[in-house]
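Visitor: So that you have it, the file is entry-v1.cif, and it contains mmCIF, C-alpha atoms and all ligand atoms:
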data_work
loop_
_atom_site.group_PDB
_atom_site.id
_atom_site.type_symbol
_atom_site.label_atom_id
_atom_site.label_comp_id
_atom_site.auth_asym_id
_atom_site.auth_seq_id
_atom_site.Cartn_x
_atom_site.Cartn_y
_atom_site.Cartn_z
ATOM 1 C CA MET A 9 -8.557 -27.370 -3.981
ATOM 2 C CA HIS A 10 -12.072 -28.640 -3.356
ATOM 3 C CA VAL A 11 -13.422 -27.392 -0.045
ATOM 4 C CA PRO A 12 -16.630 -29.100 1.158
ATOM 5 C CA LYS A 13 -19.428 -26.708 2.162
ATOM 6 C CA SER A 14 -19.574 -28.416 5.542
ATOM 7 C CA HIS A 15 -16.063 -27.224 6.392
ATOM 8 C CA PRO A 16 -16.286 -24.756 9.301
ATOM 9 C CA ARG A 17 -13.953 -22.393 7.485
ATOM 10 C CA TYR A 18 -15.707 -22.770 4.100
ATOM 11 C CA GLU A 19 -16.570 -19.085 3.626
ATOM 12 C CA SER A 20 -13.114 -17.940 4.667
ATOM 13 C CA LEU A 21 -11.371 -20.452 2.392
ATOM 14 C CA LYS A 22 -13.557 -19.463 -0.560
ATOM 15 C CA LYS A 23 -12.593 -15.830 -0.054
ATOM 16 C CA ARG A 24 -8.914 -16.777 -0.018
ATOM 17 C CA GLU A 25 -9.390 -18.679 -3.242
ATOM 18 C CA LYS A 26 -11.027 -15.658 -4.884
ATOM 19 C CA ILE A 27 -8.172 -13.396 -3.794
ATOM 20 C CA ILE A 28 -5.502 -15.857 -5.024
ATOM 21 C CA ASP A 29 -7.296 -16.439 -8.342
ATOM 22 C CA GLY A 30 -7.764 -12.682 -8.633
ATOM 23 C CA MET A 31 -4.044 -12.152 -8.191
ATOM 24 C CA LYS A 32 -3.234 -14.759 -10.826
ATOM 25 C CA ALA A 33 -5.678 -13.037 -13.198
ATOM 26 C CA GLY A 34 -3.955 -9.695 -12.652
ATOM 27 C CA ILE A 35 -6.879 -8.130 -10.767
ATOM 28 C CA VAL A 36 -5.514 -8.205 -7.209
ATOM 29 C CA ALA A 37 -2.153 -6.623 -6.378
ATOM 30 C CA GLU A 38 0.436 -8.927 -4.779
ATOM 31 C CA ALA A 39 0.150 -6.832 -1.636
ATOM 32 C CA GLY A 40 -3.595 -7.497 -1.799
ATOM 33 C CA LEU A 41 -2.888 -10.983 -0.426
ATOM 34 C CA ILE A 42 -1.192 -9.477 2.594
ATOM 35 C CA ALA A 43 -3.980 -6.938 3.051
ATOM 36 C CA HIS A 44 -6.499 -9.787 2.957
ATOM 37 C CA GLY A 45 -4.594 -11.715 5.612
ATOM 38 C CA ARG A 46 -4.573 -8.677 7.847
ATOM 39 C CA GLY A 47 -8.313 -8.353 7.324
ATOM 40 C CA GLU A 48 -8.817 -12.019 8.244
ATOM 41 C CA ALA A 49 -6.982 -11.519 11.538
ATOM 42 C CA PHE A 50 -9.270 -8.655 12.518
ATOM 43 C CA ASP A 51 -12.295 -10.600 11.337
ATOM 44 C CA TYR A 52 -11.407 -13.340 13.833
ATOM 45 C CA LEU A 53 -11.317 -10.762 16.589
ATOM 46 C CA ILE A 54 -14.885 -9.674 15.870
ATOM 47 C CA GLY A 55 -16.108 -13.271 15.517
ATOM 48 C CA GLU A 56 -16.391 -13.288 11.694
ATOM 49 C CA ARG A 57 -19.851 -11.754 11.865
ATOM 50 C CA THR A 58 -21.450 -8.360 11.560
ATOM 51 C CA ILE A 59 -21.263 -6.831 15.021
ATOM 52 C CA PRO A 60 -23.943 -4.342 16.184
ATOM 53 C CA GLU A 61 -21.546 -1.381 15.758
ATOM 54 C CA ALA A 62 -21.048 -2.328 12.097
ATOM 55 C CA GLU A 63 -24.785 -2.774 11.655
ATOM 56 C CA LEU A 64 -25.306 0.790 12.856
ATOM 57 C CA ALA A 65 -22.506 2.191 10.671
ATOM 58 C CA GLU A 66 -23.937 0.364 7.644
ATOM 59 C CA LYS A 67 -27.354 1.930 8.221
ATOM 60 C CA ILE A 68 -25.842 5.408 8.581
ATOM 61 C CA ALA A 69 -23.747 4.813 5.448
ATOM 62 C CA ALA A 70 -26.914 3.857 3.570
ATOM 63 C CA TYR A 71 -28.610 7.104 4.663
ATOM 64 C CA HIS A 72 -25.619 9.178 3.526
ATOM 65 C CA LEU A 73 -25.569 7.413 0.169
ATOM 66 C CA ILE A 74 -29.330 7.897 -0.321
ATOM 67 C CA MET A 75 -29.060 11.626 0.384
ATOM 68 C CA ALA A 76 -25.859 12.221 -1.591
ATOM 69 C CA LYS A 77 -25.950 14.338 -4.736
ATOM 70 C CA HIS A 78 -22.917 12.682 -6.318
ATOM 71 C CA PRO A 79 -22.125 9.413 -4.561
ATOM 72 C CA VAL A 80 -19.053 7.509 -5.756
ATOM 73 C CA ILE A 81 -17.983 3.935 -5.048
ATOM 74 C CA SER A 82 -14.222 3.498 -5.120
ATOM 75 C CA VAL A 83 -13.062 0.114 -6.421
ATOM 76 C CA ASN A 84 -9.694 -1.589 -5.922
ATOM 77 C CA GLY A 85 -8.421 -5.069 -6.785
ATOM 78 C CA ASN A 86 -9.530 -6.880 -3.624
ATOM 79 C CA THR A 87 -12.999 -5.368 -3.668
ATOM 80 C CA ALA A 88 -13.461 -6.140 -7.355
ATOM 81 C CA VAL A 89 -12.873 -9.876 -6.892
ATOM 82 C CA LEU A 90 -14.749 -10.208 -3.610
ATOM 83 C CA VAL A 91 -17.953 -8.294 -4.395
ATOM 84 C CA PRO A 92 -18.263 -7.502 -8.115
ATOM 85 C CA ASP A 93 -22.028 -8.073 -8.256
ATOM 86 C CA GLU A 94 -22.704 -5.967 -5.181
ATOM 87 C CA LEU A 95 -20.565 -3.090 -6.488
ATOM 88 C CA VAL A 96 -22.621 -3.007 -9.667
ATOM 89 C CA LYS A 97 -25.917 -3.483 -7.813
ATOM 90 C CA LEU A 98 -25.212 -0.628 -5.407
ATOM 91 C CA SER A 99 -24.096 1.702 -8.192
ATOM 92 C CA GLU A 100 -27.345 1.093 -10.061
ATOM 93 C CA LEU A 101 -29.587 1.247 -7.033
ATOM 94 C CA LEU A 102 -28.452 4.713 -5.933
ATOM 95 C CA PRO A 103 -27.320 5.527 -8.712
ATOM 96 C CA ALA A 104 -23.613 6.136 -8.068
ATOM 97 C CA ASN A 105 -20.474 6.241 -10.172
ATOM 98 C CA LEU A 106 -18.099 3.300 -9.950
ATOM 99 C CA GLU A 107 -14.507 4.490 -10.078
ATOM 100 C CA ILE A 108 -11.405 2.325 -10.096
ATOM 101 C CA ASN A 109 -8.807 3.839 -7.807
ATOM 102 C CA LEU A 110 -5.741 1.709 -7.305
ATOM 103 C CA PHE A 111 -2.986 2.020 -4.755
ATOM 104 C CA TYR A 112 -0.642 -0.036 -6.949
ATOM 105 C CA ARG A 113 -1.883 1.514 -10.164
ATOM 106 C CA SER A 114 -1.063 0.109 -13.567
ATOM 107 C CA GLU A 115 -3.046 0.871 -16.680
ATOM 108 C CA LYS A 116 -3.290 -2.852 -17.424
ATOM 109 C CA ARG A 117 -4.810 -3.661 -14.047
ATOM 110 C CA VAL A 118 -7.300 -0.780 -14.312
ATOM 111 C CA ARG A 119 -8.411 -2.188 -17.686
ATOM 112 C CA ILE A 120 -8.791 -5.747 -16.352
ATOM 113 C CA ILE A 121 -10.850 -4.529 -13.380
ATOM 114 C CA ALA A 122 -13.043 -2.379 -15.643
ATOM 115 C CA GLU A 123 -13.637 -5.423 -17.862
ATOM 116 C CA LEU A 124 -14.563 -7.511 -14.815
ATOM 117 C CA LEU A 125 -17.121 -4.940 -13.640
ATOM 118 C CA ILE A 126 -18.567 -4.659 -17.145
ATOM 119 C CA LYS A 127 -18.836 -8.456 -17.268
ATOM 120 C CA HIS A 128 -20.825 -8.222 -14.035
ATOM 121 C CA GLY A 129 -23.243 -5.729 -15.576
ATOM 122 C CA ALA A 130 -21.673 -2.302 -15.049
ATOM 123 C CA LYS A 131 -22.658 0.092 -17.822
ATOM 124 C CA LYS A 132 -20.055 2.696 -16.995
ATOM 125 C CA VAL A 133 -16.814 2.501 -15.058
ATOM 126 C CA LEU A 134 -14.614 5.521 -14.333
ATOM 127 C CA GLY A 135 -10.888 5.451 -13.666
ATOM 128 C CA GLU A 136 -9.346 4.517 -16.982
ATOM 129 C CA LYS A 137 -8.829 8.095 -18.105
ATOM 130 C CA PRO A 138 -7.955 10.071 -14.999
ATOM 131 C CA ASP A 139 -8.165 13.817 -15.530
ATOM 132 C CA ALA A 140 -7.720 15.118 -11.985
ATOM 133 C CA THR A 141 -5.454 14.708 -8.952
ATOM 134 C CA ILE A 142 -6.335 14.511 -5.289
ATOM 135 C CA PRO A 143 -4.399 17.327 -3.603
ATOM 136 C CA GLY A 144 -1.525 16.137 -1.421
ATOM 137 C CA LEU A 145 -1.057 12.679 -2.965
ATOM 138 C CA GLU A 146 1.829 11.782 -5.222
ATOM 139 C CA HIS A 147 0.942 11.221 -8.848
ATOM 140 C CA LYS A 148 -0.038 7.552 -9.355
ATOM 141 C CA ARG A 149 -2.074 7.150 -6.176
ATOM 142 C CA GLY A 150 -3.636 10.562 -6.439
ATOM 143 C CA VAL A 151 -5.020 10.376 -9.960
ATOM 144 C CA CYS A 152 -8.789 10.265 -10.250
ATOM 145 C CA SER A 153 -11.606 11.449 -12.440
ATOM 146 C CA GLU A 154 -13.251 14.844 -12.385
ATOM 147 C CA GLU A 155 -16.666 13.272 -13.013
ATOM 148 C CA GLY A 156 -16.301 10.789 -10.146
ATOM 149 C CA THR A 157 -14.035 11.314 -7.154
ATOM 150 C CA MET A 158 -13.506 15.065 -7.655
ATOM 151 C CA ARG A 159 -17.236 15.821 -7.851
ATOM 152 C CA ALA A 160 -18.281 13.317 -5.178
ATOM 153 C CA ASP A 161 -19.913 14.616 -2.025
ATOM 154 C CA VAL A 162 -20.090 11.131 -0.492
ATOM 155 C CA ILE A 163 -17.497 8.479 -1.276
ATOM 156 C CA LEU A 164 -17.527 4.818 -0.283
ATOM 157 C CA ILE A 165 -13.988 3.473 0.119
ATOM 158 C CA PRO A 166 -13.686 -0.233 0.885
ATOM 159 C CA LEU A 167 -10.141 -1.319 1.928
ATOM 160 C CA GLU A 168 -8.566 2.076 1.455
ATOM 161 C CA ASP A 169 -5.084 3.353 2.111
ATOM 162 C CA GLY A 170 -4.878 5.816 5.025
ATOM 163 C CA ASP A 171 -3.288 8.673 3.076
ATOM 164 C CA ARG A 172 -5.993 8.688 0.461
ATOM 165 C CA ALA A 173 -8.753 8.455 3.039
ATOM 166 C CA MET A 174 -7.309 11.467 4.841
ATOM 167 C CA ALA A 175 -6.831 13.425 1.617
ATOM 168 C CA LEU A 176 -10.451 12.783 0.608
ATOM 169 C CA LYS A 177 -11.644 13.906 4.026
ATOM 170 C CA LYS A 178 -9.549 17.090 3.708
ATOM 171 C CA MET A 179 -11.336 17.798 0.431
ATOM 172 C CA GLY A 180 -14.544 18.024 2.448
ATOM 173 C CA LYS A 181 -16.082 14.778 1.271
ATOM 174 C CA THR A 182 -18.123 12.495 3.468
ATOM 175 C CA VAL A 183 -15.924 9.414 3.634
ATOM 176 C CA ILE A 184 -17.447 5.994 4.305
ATOM 177 C CA ALA A 185 -14.795 3.337 4.947
ATOM 178 C CA ILE A 186 -15.210 -0.427 5.057
ATOM 179 C CA ASP A 187 -12.198 -1.690 6.987
ATOM 180 C CA LEU A 188 -11.877 -4.646 9.335
ATOM 181 C CA ASN A 189 -9.089 -2.889 11.233
ATOM 182 C CA PRO A 190 -10.738 -0.415 13.627
ATOM 183 C CA LEU A 191 -7.323 1.134 14.355
ATOM 184 C CA SER A 192 -6.204 1.777 10.780
ATOM 185 C CA ARG A 193 -5.612 5.368 9.743
ATOM 186 C CA THR A 194 -8.450 4.966 7.268
ATOM 187 C CA SER A 195 -10.806 3.882 10.045
ATOM 188 C CA LYS A 196 -9.800 6.831 12.192
ATOM 189 C CA ALA A 197 -10.024 9.356 9.363
ATOM 190 C CA ALA A 198 -13.397 8.315 7.926
ATOM 191 C CA ASN A 199 -16.667 9.990 8.824
ATOM 192 C CA ILE A 200 -18.328 6.588 8.963
ATOM 193 C CA THR A 201 -16.256 3.468 9.574
ATOM 194 C CA ILE A 202 -17.787 0.093 8.923
ATOM 195 C CA VAL A 203 -15.710 -2.523 10.742
ATOM 196 C CA ASP A 204 -17.008 -5.503 8.812
ATOM 197 C CA ASP A 205 -15.869 -7.752 5.972
ATOM 198 C CA VAL A 206 -16.664 -6.090 2.653
ATOM 199 C CA VAL A 207 -18.348 -9.381 1.673
ATOM 200 C CA ARG A 208 -20.886 -8.956 4.490
ATOM 201 C CA ALA A 209 -21.047 -5.160 4.445
ATOM 202 C CA MET A 210 -21.957 -4.559 0.794
ATOM 203 C CA PRO A 211 -25.165 -6.665 0.717
ATOM 204 C CA ARG A 212 -26.206 -5.160 4.048
ATOM 205 C CA ILE A 213 -25.799 -1.585 2.788
ATOM 206 C CA ILE A 214 -27.856 -2.506 -0.284
ATOM 207 C CA GLU A 215 -30.610 -3.946 1.945
ATOM 208 C CA ASP A 216 -30.511 -0.903 4.242
ATOM 209 C CA ILE A 217 -31.047 1.393 1.255
ATOM 210 C CA LYS A 218 -33.947 -0.696 -0.037
ATOM 211 C CA ARG A 219 -35.523 -0.850 3.431
ATOM 212 C CA ALA A 220 -35.250 2.907 3.984
ATOM 213 C CA ARG A 221 -36.878 3.563 0.617
ATOM 214 C CA GLU A 222 -39.637 0.993 1.162
ATOM 215 C CA LYS A 223 -40.422 2.579 4.512
ATOM 216 C CA GLY A 224 -40.443 5.973 2.819
ATOM 217 C CA LEU A 225 -38.059 7.370 5.439
ATOM 218 C CA GLY A 226 -38.002 11.165 5.209
ATOM 219 C CA LYS A 227 -34.815 13.193 4.937
ATOM 220 C CA GLU A 228 -35.376 14.649 8.394
ATOM 221 C CA VAL A 229 -35.495 11.182 9.981
ATOM 222 C CA MET A 230 -32.312 10.107 8.209
ATOM 223 C CA LYS A 231 -30.565 13.400 9.058
ATOM 224 C CA GLY A 232 -31.526 12.942 12.712
ATOM 225 C CA ASP A 233 -29.920 9.488 12.798
ATOM 226 C CA ILE A 234 -26.850 10.783 10.970
ATOM 227 C CA GLU A 235 -26.407 13.612 13.479
ATOM 228 C CA ALA A 236 -26.816 11.251 16.413
ATOM 229 C CA PHE A 237 -24.105 8.959 15.042
ATOM 230 C CA ASP A 238 -20.669 9.362 16.630
ATOM 231 C CA ASN A 239 -17.975 7.506 14.660
ATOM 232 C CA SER A 240 -15.300 7.683 17.374
ATOM 233 C CA LYS A 241 -17.737 6.375 19.954
ATOM 234 C CA ASN A 242 -18.716 3.553 17.616
ATOM 235 C CA LEU A 243 -15.036 2.634 17.124
ATOM 236 C CA ILE A 244 -14.422 2.668 20.878
ATOM 237 C CA CYS A 245 -17.408 0.311 21.358
ATOM 238 C CA THR A 246 -15.923 -1.954 18.673
ATOM 239 C CA LEU A 247 -12.554 -2.013 20.449
ATOM 240 C CA LYS A 248 -14.240 -2.775 23.776
ATOM 241 C CA ARG A 249 -16.070 -5.651 22.149
ATOM 242 C CA ILE A 250 -12.759 -7.039 20.853
ATOM 243 C CA LYS A 251 -11.107 -6.561 24.261
ATOM 244 C CA ASN A 252 -13.897 -8.414 26.050
ATOM 245 C CA GLY A 253 -13.546 -11.288 23.576
ATOM 246 C CA ASP A 254 -15.831 -14.224 23.044
ATOM 247 C CA LEU A 255 -14.517 -17.679 23.869
ATOM 248 C CA SER A 256 -17.570 -19.578 22.677
ATOM 249 C CA LEU A 257 -17.080 -21.623 19.518
ATOM 250 C CA TYR A 258 -19.149 -20.443 16.586
HETATM 251 O O1 LIG A 301 -5.830 -2.906 -5.618
HETATM 252 P P1 LIG A 301 -4.955 -1.827 -5.062
HETATM 253 O O2 LIG A 301 -3.732 -1.598 -5.883
HETATM 254 O O3 LIG A 301 -5.723 -0.530 -4.859
HETATM 255 O O4 LIG A 301 -4.445 -2.285 -3.604
HETATM 256 C C1 LIG A 301 -5.382 -2.592 -2.614
HETATM 257 C C2 LIG A 301 -4.726 -2.884 -1.246
HETATM 258 C C3 LIG A 301 -5.823 -3.403 -0.337
HETATM 259 C C4 LIG A 301 -3.656 -3.936 -1.438
HETATM 260 C C5 LIG A 301 -4.088 -1.591 -0.716
HETATM 261 O O5 LIG A 301 -5.040 -0.588 -0.652
HETATM 262 C C6 LIG A 301 -3.444 -1.793 0.640
HETATM 263 O O6 LIG A 301 -2.280 -2.109 0.783
HETATM 264 O O7 LIG A 301 -4.279 -1.640 1.668
HETATM 265 P P2 LIG A 301 -3.845 -1.744 3.217
HETATM 266 O O8 LIG A 301 -3.124 -0.500 3.603
HETATM 267 O O9 LIG A 301 -3.244 -3.050 3.510
HETATM 268 O O10 LIG A 301 -5.249 -1.682 3.915
HETATM 269 C C7 LIG A 301 -6.226 -2.625 3.695
HETATM 270 C C8 LIG A 301 -7.167 -2.614 4.897
HETATM 271 O O11 LIG A 301 -8.307 -3.363 4.549
HETATM 272 C C9 LIG A 301 -6.566 -3.270 6.151
HETATM 273 O O12 LIG A 301 -6.815 -2.476 7.275
HETATM 274 C C10 LIG A 301 -7.309 -4.609 6.270
HETATM 275 O O13 LIG A 301 -7.529 -4.952 7.608
HETATM 276 C C11 LIG A 301 -8.616 -4.284 5.579
HETATM 277 N N1 LIG A 301 -9.242 -5.443 4.922
HETATM 278 C C12 LIG A 301 -8.632 -6.475 4.277
HETATM 279 N N2 LIG A 301 -9.533 -7.327 3.771
HETATM 280 C C13 LIG A 301 -10.748 -6.825 4.084
HETATM 281 C C14 LIG A 301 -10.566 -5.610 4.810
HETATM 282 N N3 LIG A 301 -11.594 -4.880 5.253
HETATM 283 C C15 LIG A 301 -12.839 -5.323 4.956
HETATM 284 N N4 LIG A 301 -13.092 -6.456 4.262
HETATM 285 C C16 LIG A 301 -12.075 -7.232 3.808
HETATM 286 N N5 LIG A 301 -12.336 -8.366 3.123
#
Produce C-alpha cells that represent the structure in this file.
Guide:
Amino acid sequence: MHVPKSHPRYESLKKREKIIDGMKAGIVAEAGLIAHGRGEAFDYLIGERTIPEAELAEKIAAYHLIMAKHPVISVNGNTAVLVPDELVKLSELLPANLEINLFYRSEKRVRIIAELLIKHGAKKVLGEKPDATIPGLEHKRGVCSEEGTMRADVILIPLEDGDRAMALKKMGKTVIAIDLNPLSRTSKAANITIVDDVVRAMPRIIEDIKRAREKGLGKEVMKGDIEAFDNSKNLICTLKRIKNGDLSLY
C-alpha cells in the first residue's frame, strides 16, 4: 500500500510494513507482529517520541558501551528489519560483536538474518554456530556463542524476552535493554532500560557515542554519570510521565 509522507501516521505505518515484509521474508517471527503491536501501544503512551528519561538512559548506555571490554549487540528478527544499518554502524563504531539470538530459533531464520546484516555491511555476525549455553535457559533459547554473549561484559538487548534478560543479568553482565514497555520483566531486570522505540534509540546511542568521543570525555566523567544513574528511579519517572498523560495533538 502506498502511504503518502504527509500522512500523520507515516512513520508508524512504514514500520508496520517493514515488520510484515520481514515476516514474509522469514526474518521476523510470527509472534514478532504481536510484539510490535504491543510496542506500538506503549509508544502511544509516551507520545511516540524520545522522552527525557530515555534520552538519559541512552547516554548512560553509550558510556557503558564505550567503556566495555567486550560489548555485544544481540539481534533478533524485529530488530534486524527495523534497524539493520544502525546495528552494523554501532558494531563498527565501538567495535562490538553482532550476535543473532532468537527466541523462536530456527537455523534457517538465523541464516537469513545473518545474510541481511552482511548485505547491510556487517563483516562478521555471530550466532550461526552456537557453542555455549546461558545457564538456566532451556536449550534453543539459551544457545549462544562463547566469543560473543558468553564473553560479553556489556550486552545490548533490544526487544528481549524477560527470562533471557534475567539470566544474562545473573551472569554478571551489564544489561542494556531497549523496550517500549517500562513494566516488562526485561525492563525491570536490566541495568539500563531505554524506554524508546528501537528505531529512535539506535541512532541516538550512536550519536551519543560520537559526541562523547568528540568531547574527549574521560573515563572518570563517564563513570560518575553511570554511578549517578538510578534505573528504577528512571522507570518510575517514565511511569509518572505516562500517568500524567498528554492530551495535546502532536
Ligand atoms: O526474533 P525472535 O525469534 O527472537 O523473537 C523476537 C520477539 C520480539 C518476537 C520475542 O523476543 C518476543 O516475543 O518478545 P516479547 O516478549 O513480546 O517482548 C518484546 C518487547 O519489545 C515488548 O515489551 C514490546 O513492548 C517491546 N517492543 C516491541 N516493538 C518495539 C519494542 N521496544 C522497542 N522498540 C520497538 N520497535
Visitor: May I ask for the distance between atom CA of A:Ile68 and atom CA of A:Phe237, given in Å to one decimal place?
Guide: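 So the answer is 7.6 Å.
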Visitor: For the structure provided, state which residues fall under the PyMOL selection byres (((chain A and resi 36) around 9) and not hetatm), and present them as number ranges by chain.
Guide: A: 27-35, 37-41, 84-89, 117, 121
Visitor: List the spatial neighbours of A:Glu63 as a PyMOL selection string - criterion: any atom at most 10 Å away, only C-alpha atoms, same-chain residues fewer than 2 positions off excluded.
Guide: chain A and resi 58-61+65-69+202-204+209+212-213+216
Visitor: The PyMOL selection byres (((chain A and resi 225-235) around 9) and not hetatm) on the file shown: which residues, as a list in words?
Guide: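 Applying the expression gives Ile68, Ala69, Tyr71, His72, Met75, Arg219, Ala220, Arg221, Glu222, Lys223, Gly224, Ala236, Phe237 and Asp238 of chain A.
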Visitor: List the neighbours of stretch 162-174 of chain A out to 6 Å using all atoms listed in the file; skip same-chain residues closer than 2 positions along the sequence, and give me the result as a count of residues only.
Guide: 18
Visitor: So which one's closest to A:Glu146, A:Cys245, A:Leu125, A:Ala175, A:Val91? Using all atoms listed in the file, please.
Guide: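 Among A:Cys245, A:Leu125, A:Ala175, A:Val91, it is A:Ala175 that comes nearest to A:Glu146.
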Visitor: Got a sec: who's within 10 Å of A:Asn105, counting only C-alpha atoms, leaving out chain neighbours fewer than 3 positions off, as a short mmCIF file (atom, residue, chain, number, x, y, z; two decimals) with C-alpha atoms, in the frame of the given file?
Guide:
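Printed below is around16.cif as written:
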data_model
loop_
_atom_site.label_atom_id
_atom_site.label_comp_id
_atom_site.auth_asym_id
_atom_site.auth_seq_id
_atom_site.Cartn_x
_atom_site.Cartn_y
_atom_site.Cartn_z
CA HIS A 78 -22.92 12.68 -6.32
CA PRO A 79 -22.12 9.41 -4.56
CA VAL A 80 -19.05 7.51 -5.76
CA ILE A 81 -17.98 3.94 -5.05
CA SER A 82 -14.22 3.50 -5.12
CA VAL A 96 -22.62 -3.01 -9.67
CA LEU A 98 -25.21 -0.63 -5.41
CA SER A 99 -24.10 1.70 -8.19
CA GLU A 100 -27.34 1.09 -10.06
CA LEU A 102 -28.45 4.71 -5.93
CA ILE A 108 -11.40 2.33 -10.10
CA ALA A 130 -21.67 -2.30 -15.05
CA LYS A 132 -20.06 2.70 -17.00
CA VAL A 133 -16.81 2.50 -15.06
CA LEU A 134 -14.61 5.52 -14.33
CA GLU A 155 -16.67 13.27 -13.01
CA GLY A 156 -16.30 10.79 -10.15
CA THR A 157 -14.04 11.31 -7.15
CA ALA A 160 -18.28 13.32 -5.18
CA ILE A 163 -17.50 8.48 -1.28
#
Visitor: Determine the residue set returned by the PyMOL selection byres (((chain A and resi 46-56) around 7) and not hetatm) for the present structure, and present it as a tab-separated table (two decimals) with C-alpha atoms, in the frame of the given file.
Guide:
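Wrote it out as out-v4.tsv, contents follow:
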chain	number	residue	atom	x	y	z
A	42	ILE	CA	-1.19	-9.48	2.59
A	43	ALA	CA	-3.98	-6.94	3.05
A	44	HIS	CA	-6.50	-9.79	2.96
A	45	GLY	CA	-4.59	-11.72	5.61
A	57	ARG	CA	-19.85	-11.75	11.86
A	188	LEU	CA	-11.88	-4.65	9.34
A	189	ASN	CA	-9.09	-2.89	11.23
A	250	ILE	CA	-12.76	-7.04	20.85
Visitor: I'd like to know which of A:Glu19, A:Asp254, A:Glu123, A:Asp139 is closest to ligand LIG 301 (chain A), using all atoms listed in the file.
Guide: A:Glu19
Visitor: Which distance in Å separates atom CA of A:Thr246 and atom CA of A:Thr201, to one decimal?
Guide: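 Result for atom CA of A:Thr246 versus atom CA of A:Thr201: 10.6 Å, one decimal.
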Visitor: Hey, can you check how far atom CA of A:Pro103 sits from atom O10 of ligand LIG 301 (chain A)?
Guide: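 Spanning atom CA of A:Pro103 to atom O10 of ligand LIG 301 (chain A) is a straight-line distance of 26.4 Å.
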Visitor: Calculate, to one decimal in Å, the centre and edge lengths of the box along x, y and z of the file that holds all listed atoms of ligand LIG 301 (chain A) with 3 Å of margin on each side, and present them as lines of an AutoDock Vina configuration file.
Guide:
center_x = -7.7
center_y = -4.4
center_z = 0.9
size_x = 16.8
size_y = 13.9
size_z = 19.5
Visitor: Using all atoms listed in the file, pick whichever of A:Val11, A:Val206, A:Lys178, A:Ile244 has the shortest atom-to-atom distance to A:Pro143.
Guide: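 Ranking A:Val11, A:Val206, A:Lys178, A:Ile244 by distance to A:Pro143, first place goes to A:Lys178.
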